[in-house]
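K.L.:
The structure file run_1.cif (mmCIF, C-alpha atoms) is provided below.
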data_target
#
loop_
_atom_site.group_PDB
_atom_site.id
_atom_site.type_symbol
_atom_site.label_atom_id
_atom_site.label_comp_id
_atom_site.auth_asym_id
_atom_site.auth_seq_id
_atom_site.Cartn_x
_atom_site.Cartn_y
_atom_site.Cartn_z
ATOM 1 C CA SER A 1 -30.246 -24.724 -0.214
ATOM 2 C CA ALA A 2 -32.908 -23.354 2.159
ATOM 3 C CA VAL A 3 -34.865 -20.120 2.131
ATOM 4 C CA GLU A 4 -37.470 -19.414 4.793
ATOM 5 C CA SER A 5 -39.899 -16.631 3.909
ATOM 6 C CA PRO A 6 -42.738 -15.150 5.995
ATOM 7 C CA ALA A 7 -46.205 -16.102 4.761
ATOM 8 C CA GLY A 8 -48.443 -14.131 7.108
ATOM 9 C CA SER A 9 -50.118 -15.283 10.298
ATOM 10 C CA ILE A 10 -53.075 -17.324 11.569
ATOM 11 C CA THR A 11 -55.147 -16.182 14.544
ATOM 12 C CA GLU A 12 -57.003 -18.680 16.716
ATOM 13 C CA GLY A 13 -58.728 -17.021 19.606
ATOM 14 C CA GLU A 14 -56.117 -15.125 21.582
ATOM 15 C CA ILE A 15 -53.181 -16.935 19.937
ATOM 16 C CA GLU A 16 -51.501 -15.717 16.761
ATOM 17 C CA TYR A 17 -49.359 -18.158 14.793
ATOM 18 C CA LEU A 18 -46.651 -16.901 12.447
ATOM 19 C CA VAL A 19 -46.458 -18.858 9.201
ATOM 20 C CA LYS A 20 -43.214 -19.410 7.323
ATOM 21 C CA THR A 21 -42.701 -21.240 4.062
ATOM 22 C CA ASP A 22 -40.210 -24.072 3.911
ATOM 23 C CA GLY A 23 -37.846 -23.378 1.030
ATOM 24 C CA ARG A 24 -35.622 -26.408 1.434
ATOM 25 C CA LEU A 25 -34.797 -28.320 -1.727
ATOM 26 C CA ARG A 26 -34.781 -32.054 -1.092
ATOM 27 C CA ASN A 27 -34.131 -33.366 -4.596
ATOM 28 C CA MET A 28 -33.603 -32.272 -8.214
ATOM 29 C CA SER A 29 -37.360 -32.234 -8.872
ATOM 30 C CA ASP A 30 -37.832 -29.518 -6.257
ATOM 31 C CA LEU A 31 -35.094 -27.493 -7.942
ATOM 32 C CA ARG A 32 -36.665 -27.890 -11.379
ATOM 33 C CA GLU A 33 -40.053 -26.723 -10.081
ATOM 34 C CA ILE A 34 -38.828 -23.429 -8.640
ATOM 35 C CA ARG A 35 -41.129 -20.683 -9.898
ATOM 36 C CA VAL A 36 -39.460 -17.723 -11.596
ATOM 37 C CA ARG A 37 -41.251 -14.417 -12.035
ATOM 38 C CA THR A 38 -41.248 -12.995 -15.552
ATOM 39 C CA SER A 39 -41.426 -9.386 -16.736
ATOM 40 C CA ASN A 40 -45.220 -9.582 -17.285
ATOM 41 C CA ASP A 41 -45.830 -10.822 -13.710
ATOM 42 C CA ASN A 42 -46.331 -14.441 -14.728
ATOM 43 C CA TYR A 43 -44.507 -17.369 -13.181
ATOM 44 C CA VAL A 44 -42.790 -20.221 -15.005
ATOM 45 C CA ALA A 45 -40.921 -23.260 -13.766
ATOM 46 C CA LEU A 46 -37.135 -23.163 -13.777
ATOM 47 C CA HIS A 47 -36.942 -26.234 -16.051
ATOM 48 C CA ASP A 48 -38.865 -24.291 -18.722
ATOM 49 C CA LEU A 49 -36.111 -21.690 -18.840
ATOM 50 C CA CYS A 50 -32.978 -23.820 -18.670
ATOM 51 C CA THR A 51 -31.613 -27.332 -18.317
ATOM 52 C CA VAL A 52 -31.304 -28.329 -14.671
ATOM 53 C CA LYS A 53 -28.765 -31.052 -13.956
ATOM 54 C CA LYS A 54 -26.317 -32.075 -11.296
ATOM 55 C CA GLY A 55 -22.632 -31.695 -12.098
ATOM 56 C CA LEU A 56 -19.437 -29.703 -11.592
ATOM 57 C CA ALA A 57 -18.985 -26.097 -12.649
ATOM 58 C CA ASP A 58 -16.460 -25.381 -15.372
ATOM 59 C CA ARG A 59 -12.971 -24.819 -13.972
ATOM 60 C CA ARG A 60 -11.776 -21.262 -14.581
ATOM 61 C CA SER A 61 -8.487 -21.364 -12.692
ATOM 62 C CA PHE A 62 -5.901 -23.859 -11.499
ATOM 63 C CA SER A 63 -3.245 -23.579 -8.797
ATOM 64 C CA LEU A 64 -0.333 -25.822 -7.836
ATOM 65 C CA THR A 65 1.922 -25.547 -4.800
ATOM 66 C CA GLY A 66 4.867 -27.688 -5.664
ATOM 67 C CA THR A 67 3.232 -30.755 -7.196
ATOM 68 C CA GLU A 68 0.051 -30.592 -5.118
ATOM 69 C CA GLU A 69 -3.185 -28.949 -6.201
ATOM 70 C CA SER A 70 -4.006 -26.045 -3.911
ATOM 71 C CA ILE A 71 -6.313 -23.090 -3.313
ATOM 72 C CA LEU A 72 -4.634 -19.757 -3.997
ATOM 73 C CA LEU A 73 -5.939 -16.734 -2.081
ATOM 74 C CA SER A 74 -4.684 -13.258 -2.967
ATOM 75 C CA ILE A 75 -4.998 -10.683 -0.168
ATOM 76 C CA ARG A 76 -4.310 -7.001 -0.773
ATOM 77 C CA ALA A 77 -4.121 -4.154 1.691
ATOM 78 C CA ARG A 78 -6.967 -1.682 1.354
ATOM 79 C CA ALA A 79 -6.266 1.956 0.584
ATOM 80 C CA GLY A 80 -4.601 3.764 3.445
ATOM 81 C CA THR A 81 -3.354 0.557 5.096
ATOM 82 C CA SER A 82 0.297 -0.383 5.220
ATOM 83 C CA PRO A 83 1.097 -3.657 3.392
ATOM 84 C CA VAL A 84 3.455 -4.522 6.258
ATOM 85 C CA THR A 85 0.609 -4.208 8.791
ATOM 86 C CA ALA A 86 -1.716 -6.226 6.548
ATOM 87 C CA SER A 87 0.920 -8.947 6.219
ATOM 88 C CA LYS A 88 1.307 -9.224 10.003
ATOM 89 C CA GLN A 89 -2.462 -9.482 10.449
ATOM 90 C CA VAL A 90 -2.768 -12.177 7.760
ATOM 91 C CA ARG A 91 0.048 -14.207 9.315
ATOM 92 C CA ALA A 92 -1.658 -13.952 12.711
ATOM 93 C CA CYS A 93 -4.876 -15.293 11.146
ATOM 94 C CA MET A 94 -2.902 -18.111 9.506
ATOM 95 C CA ARG A 95 -1.559 -19.198 12.875
ATOM 96 C CA GLU A 96 -5.136 -19.463 14.164
ATOM 97 C CA LEU A 97 -6.187 -21.454 11.089
ATOM 98 C CA GLU A 98 -3.235 -23.812 11.497
ATOM 99 C CA ALA A 99 -4.152 -24.354 15.147
ATOM 100 C CA ASN A 100 -7.744 -25.252 14.210
ATOM 101 C CA TYR A 101 -7.358 -26.962 10.825
ATOM 102 C CA GLY A 102 -3.675 -27.879 10.682
ATOM 103 C CA THR A 103 -4.475 -31.590 10.474
ATOM 104 C CA MET A 104 -6.779 -31.090 7.474
ATOM 105 C CA ALA A 105 -4.849 -28.591 5.337
ATOM 106 C CA LEU A 106 -1.422 -27.034 4.962
ATOM 107 C CA PHE A 107 -1.217 -23.224 5.015
ATOM 108 C CA SER A 108 1.741 -21.435 3.438
ATOM 109 C CA VAL A 109 2.677 -17.980 2.119
ATOM 110 C CA VAL A 110 3.649 -18.092 -1.553
ATOM 111 C CA ASP A 111 4.497 -14.426 -2.046
ATOM 112 C CA ASP A 112 4.649 -11.580 0.464
ATOM 113 C CA GLN A 113 5.177 -7.999 -0.711
ATOM 114 C CA ALA A 114 5.880 -6.955 2.882
ATOM 115 C CA SER A 115 9.226 -8.784 2.781
ATOM 116 C CA LEU A 116 10.138 -6.836 -0.362
ATOM 117 C CA ILE A 117 9.200 -3.585 1.361
ATOM 118 C CA GLY A 118 11.232 -4.611 4.402
ATOM 119 C CA SER A 119 14.299 -5.324 2.270
ATOM 120 C CA SER A 120 13.778 -2.000 0.473
ATOM 121 C CA ILE A 121 13.730 -0.174 3.813
ATOM 122 C CA ILE A 122 16.950 -1.909 4.817
ATOM 123 C CA SER A 123 18.480 -0.941 1.470
ATOM 124 C CA LEU A 124 17.359 2.650 2.017
ATOM 125 C CA ILE A 125 18.980 2.723 5.452
ATOM 126 C CA ILE A 126 22.210 1.244 4.104
ATOM 127 C CA SER A 127 22.225 3.639 1.147
ATOM 128 C CA SER A 128 21.598 6.574 3.475
ATOM 129 C CA LEU A 129 24.439 5.532 5.737
ATOM 130 C CA ILE A 130 26.794 5.103 2.784
ATOM 131 C CA GLY A 131 25.681 8.457 1.375
ATOM 132 C CA MET A 132 26.250 10.147 4.728
ATOM 133 C CA ILE A 133 29.740 8.693 5.029
ATOM 134 C CA VAL A 134 30.723 9.552 1.460
ATOM 135 C CA ALA A 135 29.266 13.071 1.745
ATOM 136 C CA PHE A 136 31.091 13.607 5.021
ATOM 137 C CA ILE A 137 34.415 12.487 3.534
ATOM 138 C CA VAL A 138 34.037 14.576 0.375
ATOM 139 C CA ILE A 139 32.957 17.731 2.200
ATOM 140 C CA PHE A 140 35.662 17.308 4.813
ATOM 141 C CA LEU A 141 38.364 16.864 2.151
ATOM 142 C CA PHE A 142 37.287 20.048 0.342
ATOM 143 C CA LEU A 143 36.343 22.255 3.289
ATOM 144 C CA ARG A 144 38.631 20.857 5.982
ATOM 145 C CA ASP A 145 35.855 21.606 8.445
ATOM 146 C CA LEU A 146 34.681 18.821 10.723
ATOM 147 C CA PHE A 147 31.778 20.810 12.185
ATOM 148 C CA ALA A 148 30.393 21.849 8.783
ATOM 149 C CA SER A 149 30.642 18.299 7.482
ATOM 150 C CA GLY A 150 28.723 17.052 10.516
ATOM 151 C CA ILE A 151 25.944 19.575 9.895
ATOM 152 C CA LEU A 152 25.649 18.394 6.304
ATOM 153 C CA ILE A 153 25.219 14.716 7.094
ATOM 154 C CA ALA A 154 22.783 15.530 9.922
ATOM 155 C CA SER A 155 20.353 16.857 7.315
ATOM 156 C CA ILE A 156 19.902 13.368 5.824
ATOM 157 C CA PRO A 157 18.278 11.554 8.818
ATOM 158 C CA LEU A 158 16.293 14.704 9.642
ATOM 159 C CA SER A 159 14.925 14.724 6.091
ATOM 160 C CA ILE A 160 13.917 11.050 6.326
ATOM 161 C CA LEU A 161 12.171 11.446 9.694
ATOM 162 C CA SER A 162 10.315 14.607 8.692
ATOM 163 C CA SER A 163 9.181 13.021 5.419
ATOM 164 C CA LEU A 164 7.897 9.866 7.126
ATOM 165 C CA SER A 165 5.968 11.953 9.658
ATOM 166 C CA ILE A 166 4.071 13.716 6.835
ATOM 167 C CA PHE A 167 3.350 10.520 4.841
ATOM 168 C CA SER A 168 0.117 9.787 6.712
ATOM 169 C CA ILE A 169 -1.103 13.383 6.267
ATOM 170 C CA VAL A 170 -0.819 13.325 2.468
ATOM 171 C CA GLY A 171 -1.974 9.696 2.214
ATOM 172 C CA VAL A 172 1.339 8.109 1.208
ATOM 173 C CA GLY A 173 2.059 4.575 2.401
ATOM 174 C CA ILE A 174 5.393 2.888 2.956
ATOM 175 C CA ASN A 175 5.947 0.860 -0.189
ATOM 176 C CA VAL A 176 8.558 0.302 -2.878
ATOM 177 C CA MET A 177 7.632 3.461 -4.819
ATOM 178 C CA SER A 178 7.653 5.801 -1.807
ATOM 179 C CA ILE A 179 10.936 4.342 -0.559
ATOM 180 C CA GLY A 180 12.424 4.868 -4.024
ATOM 181 C CA GLY A 181 11.258 8.481 -3.935
ATOM 182 C CA LEU A 182 12.915 8.954 -0.549
ATOM 183 C CA ALA A 183 16.195 7.570 -1.874
ATOM 184 C CA VAL A 184 16.192 9.911 -4.890
ATOM 185 C CA GLY A 185 15.191 12.929 -2.799
ATOM 186 C CA ILE A 186 17.897 12.316 -0.220
ATOM 187 C CA GLY A 187 20.469 12.009 -2.992
ATOM 188 C CA MET A 188 19.419 15.427 -4.313
ATOM 189 C CA LEU A 189 19.251 16.911 -0.826
ATOM 190 C CA VAL A 190 23.000 17.049 -0.249
ATOM 191 C CA ASP A 191 23.660 19.512 -3.097
ATOM 192 C CA SER A 192 22.127 22.655 -1.580
ATOM 193 C CA PRO A 193 23.797 22.471 1.886
ATOM 194 C CA ALA A 194 27.128 21.723 0.226
ATOM 195 C CA VAL A 195 26.929 24.880 -1.905
ATOM 196 C CA ILE A 196 26.026 27.062 1.089
ATOM 197 C CA LEU A 197 28.781 25.576 3.248
ATOM 198 C CA GLU A 198 31.312 26.109 0.489
ATOM 199 C CA GLY A 199 30.229 29.759 0.182
ATOM 200 C CA ILE A 200 30.540 30.283 3.946
ATOM 201 C CA ASN A 201 34.002 28.729 4.119
ATOM 202 C CA ALA A 202 35.144 30.760 1.131
ATOM 203 C CA SER A 203 34.516 33.991 3.041
ATOM 204 C CA SER A 204 37.189 35.743 5.083
ATOM 205 C CA SER A 205 35.471 35.001 8.419
ATOM 206 C CA PRO A 206 33.640 31.666 8.148
ATOM 207 C CA ARG A 207 32.896 31.591 11.906
ATOM 208 C CA ASP A 208 31.318 35.033 12.025
ATOM 209 C CA LYS A 209 27.539 34.769 12.516
ATOM 210 C CA ARG A 210 26.933 37.874 10.400
ATOM 211 C CA VAL A 211 28.972 36.402 7.543
ATOM 212 C CA ILE A 212 27.106 33.104 7.818
ATOM 213 C CA GLY A 213 23.746 34.899 7.679
ATOM 214 C CA ASP A 214 24.740 37.159 4.780
ATOM 215 C CA THR A 215 26.159 34.260 2.761
ATOM 216 C CA THR A 216 23.079 32.121 3.373
ATOM 217 C CA CYS A 217 20.736 34.937 2.330
ATOM 218 C CA ARG A 218 22.839 35.686 -0.738
ATOM 219 C CA LEU A 219 22.789 32.086 -1.919
ATOM 220 C CA SER A 220 19.248 31.258 -0.827
ATOM 221 C CA ARG A 221 17.629 32.653 -3.986
ATOM 222 C CA SER A 222 19.774 30.589 -6.342
ATOM 223 C CA ILE A 223 19.410 27.525 -4.102
ATOM 224 C CA LEU A 224 15.634 27.978 -4.036
ATOM 225 C CA GLY A 225 15.542 28.283 -7.838
ATOM 226 C CA THR A 226 17.636 25.129 -8.225
ATOM 227 C CA THR A 227 15.423 23.211 -5.794
ATOM 228 C CA LEU A 228 12.185 24.319 -7.471
ATOM 229 C CA THR A 229 13.600 23.440 -10.891
ATOM 230 C CA GLY A 230 14.401 19.947 -9.661
ATOM 231 C CA LEU A 231 10.908 19.530 -8.227
ATOM 232 C CA ILE A 232 9.070 20.900 -11.270
ATOM 233 C CA VAL A 233 10.532 18.098 -13.363
ATOM 234 C CA PHE A 234 8.553 15.600 -11.266
ATOM 235 C CA CYS A 235 5.268 17.581 -11.190
ATOM 236 C CA PRO A 236 3.738 15.660 -14.158
ATOM 237 C CA LEU A 237 3.878 12.499 -12.032
ATOM 238 C CA PHE A 238 1.100 13.933 -9.831
ATOM 239 C CA PHE A 239 -1.277 14.076 -12.796
ATOM 240 C CA LEU A 240 -0.755 10.653 -14.366
ATOM 241 C CA PRO A 241 -4.087 8.806 -14.677
ATOM 242 C CA GLY A 242 -5.067 5.294 -13.632
ATOM 243 C CA LEU A 243 -2.949 2.703 -11.864
ATOM 244 C CA ILE A 244 0.337 4.140 -13.125
ATOM 245 C CA GLY A 245 -0.633 7.519 -11.710
ATOM 246 C CA ALA A 246 -1.447 5.974 -8.322
ATOM 247 C CA MET A 247 1.972 4.297 -8.217
ATOM 248 C CA PHE A 248 4.126 7.219 -9.324
ATOM 249 C CA ARG A 249 2.139 9.768 -7.305
ATOM 250 C CA GLU A 250 3.520 8.237 -4.116
ATOM 251 C CA PHE A 251 6.998 8.321 -5.642
ATOM 252 C CA ALA A 252 6.574 12.028 -6.431
ATOM 253 C CA TRP A 253 5.229 12.835 -2.961
ATOM 254 C CA ALA A 254 8.101 11.041 -1.212
ATOM 255 C CA LEU A 255 10.701 12.766 -3.392
ATOM 256 C CA THR A 256 9.128 16.196 -2.886
ATOM 257 C CA LEU A 257 8.866 15.836 0.895
ATOM 258 C CA SER A 258 12.429 14.569 1.326
ATOM 259 C CA TYR A 259 13.952 17.149 -1.029
#
So that I can check it, write out the structure of this file as structure tokens.
P.N.:
Amino acid sequence: SAVESPAGSITEGEIEYLVKTDGRLRNMSDLREIRVRTSNDNYVALHDLCTVKKGLADRRSFSLTGTEESILLSIRARAGTSPVTASKQVRACMRELEANYGTMALFSVVDDQASLIGSSIISLIISSLIGMIVAFIVIFLFLRDLFASGILIASIPLSILSSLSIFSIVGVGINVMSIGGLAVGIGMLVDSPAVILEGINASSSPRDKRVIGDTTCRLSRSILGTTLTGLIVFCPLFFLPGLIGAMFREFAWALTLSY
């Protein structure tokens, strides 16, 4: 190791020379003679405090990739950063490392949470599509109203888009927990529009704007109470402490925003 420290200056005539100490260690004797300052402002040699010898540090971890010994590096996205974005940036850096050091080492991804998040998003899309189709069929069979059934299923993608647009405002990232909250919230979302549509179609003039407004206002209080009751159940998730609280808080936010 080498440490260069300033040691003042020397002036000769009009020339000033800066002096630096050479802290390079050339052998074990230099290392043993390093002076260490004590609490009472005295200095002692390093070999008086400990045993100085050359060797290998104790191994504290061990990693194998297949049957070959390897170096395992765990990279996590910092707070407020999407794991998917972090994964893309890491893979871009890996391509640069492979271009420069590909002949000396092999670089590979052992586990990538971004792929799990990607599959979860695909599952959410598929589940939403299936839910929209099933809800459309059920509502159409009971109400016999194609227009009303279309309005109901249109609320599902609108809920997803509006929830995702607010994620960054409340500090929620796209991860497994938030996607799970979206799925649960969307499943609960269909209930309220279905009740209102059923009340409108049960009236004598379901196409009358005044009847639609009166029915919606009449049912809005009970619908609001049902919605708030469903949300209150998940309120304790916002106050969970520690790591568990951080995980389920995003679940609760996603469910609340989508519902």
K.L.:
Looking at A:Ser120, A:Ser192, A:Thr21, A:Thr227, which one is nearest to Met177 of chain A, with distances taken over only C-alpha atoms?
P.N.:
A:Ser120
K.L.:
Which of these residues is nearest to Ile75 of chain A, using all atoms listed in the file: A:Lys54, A:Arg210, A:Arg26, A:Arg91?
P.N.:
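For Ile75 of chain A, the nearest of the given residues is A:Arg91.
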K.L.:
For the file shown, what are the residues hit by the PyMOL selection byres ((chain A and resi 151) around 12), laid out as a PyMOL selection string?
P.N.:
chain A and resi 132+135-136+139-140+145-150+152-158+190+193-194+196-197
K.L.:
Quick one: everything within 12 Å of segment 31-35 of chain A, counting all atoms listed in the file, minus sequence neighbours fewer than 5 positions away in the same chain. Send it as a list in words.
P.N.:
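With the cut-off at 12 Å, the set is Ser1, Ala2, Val3, Gly23, Arg24, Leu25, Arg26, Asp41, Asn42, Tyr43, Val44, Ala45, Leu46, His47, Asp48, Leu49, Cys50, Thr51, Val52, Lys53 and Lys54 of chain A.
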K.L.:
List the residues selected by the PyMOL selection byres ((chain A and resi 258) around 10) in the file shown, writing them as a list in words.
P.N.:
Ile156, Pro157, Leu158, Ser159, Ile160, Leu161, Ser162, Ser163, Leu164, Gly181, Leu182, Ala183, Val184, Gly185, Ile186, Gly187, Met188, Leu189, Trp253, Ala254, Leu255, Thr256, Leu257 and Tyr259 of chain A
K.L.:
So how far away is atom CA of Leu106 of chain A from atom CA of Leu56 of chain A, in Å?
P.N.:
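Between atom CA of Leu56 of chain A and atom CA of Leu106 of chain A the gap works out to 24.6 Å.
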K.L.:
Given the choices A:Met247, A:Val176, A:Glu68, A:Val138, which gets closest to Ser119 of chain A if the distance is worked out from all atoms listed in the file?
P.N.:
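Going through A:Met247, A:Val176, A:Glu68, A:Val138 one by one, the smallest distance to Ser119 of chain A is for A:Val176.
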K.L.:
Expand the PyMOL selection byres ((chain A and resi 111-115) around 12) into the explicit residue set it covers here, and present it as a ChimeraX atom specification.
P.N.:
/A:65,72-77,82-91,108-110,116-122,174-176
K.L.:
With a distance cut-off of 10 Å and all atoms listed in the file, select the neighbouring residues of Ile223 of chain A, excluding the residue or stretch itself and same-chain residues fewer than 3 positions from it, and output the selection as a PyMOL selection string.
P.N.:
chain A and resi 191-193+195-196+216-220+226-229
K.L.:
What gap, in Å, lies between atom CA of Asp22 of chain A and atom CA of Pro6 of chain A?
P.N.:
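Answer for the atom CA of Asp22 of chain A to atom CA of Pro6 of chain A separation: 9.5 Å.
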K.L.:
Please compute the atom CA of Gly173 of chain A-atom CA of Leu243 of chain A distance, one decimal, in Å.
P.N.:
15.2 Å
K.L.:
Taking into account all atoms listed in the file, which residue in the set A:Ile130, A:Val211, A:Ile71, A:Ala252 is nearest to Gly230 of chain A?
P.N.:
A:Ala252
K.L.:
Any idea what's packed within 9 Å of Leu97 of chain A, counting only C-alpha atoms, ignoring anything in its chain fewer than 5 positions away? Could you give it as a PyMOL selection string?
P.N.:
chain A and resi 92+102+107
K.L.:
Take every atom of segment 97-106 of chain A listed in the file, pad by 4 Å on each side, and give me the axis-aligned box centre and edge lengths in Å, one decimal, as lines of an AutoDock Vina configuration file.
P.N.:
center_x = -4.6
center_y = -26.5
center_z = 10.1
size_x = 14.3
size_y = 18.1
size_z = 18.2
K.L.:
Please write as a ChimeraX atom specification the list of polymer residues whose atoms come within 9 Å of (-43.1, -14.4, 8.7), counting all atoms listed in the file and keeping to the coordinates of the file.
P.N.:
/A:4-9,18-21
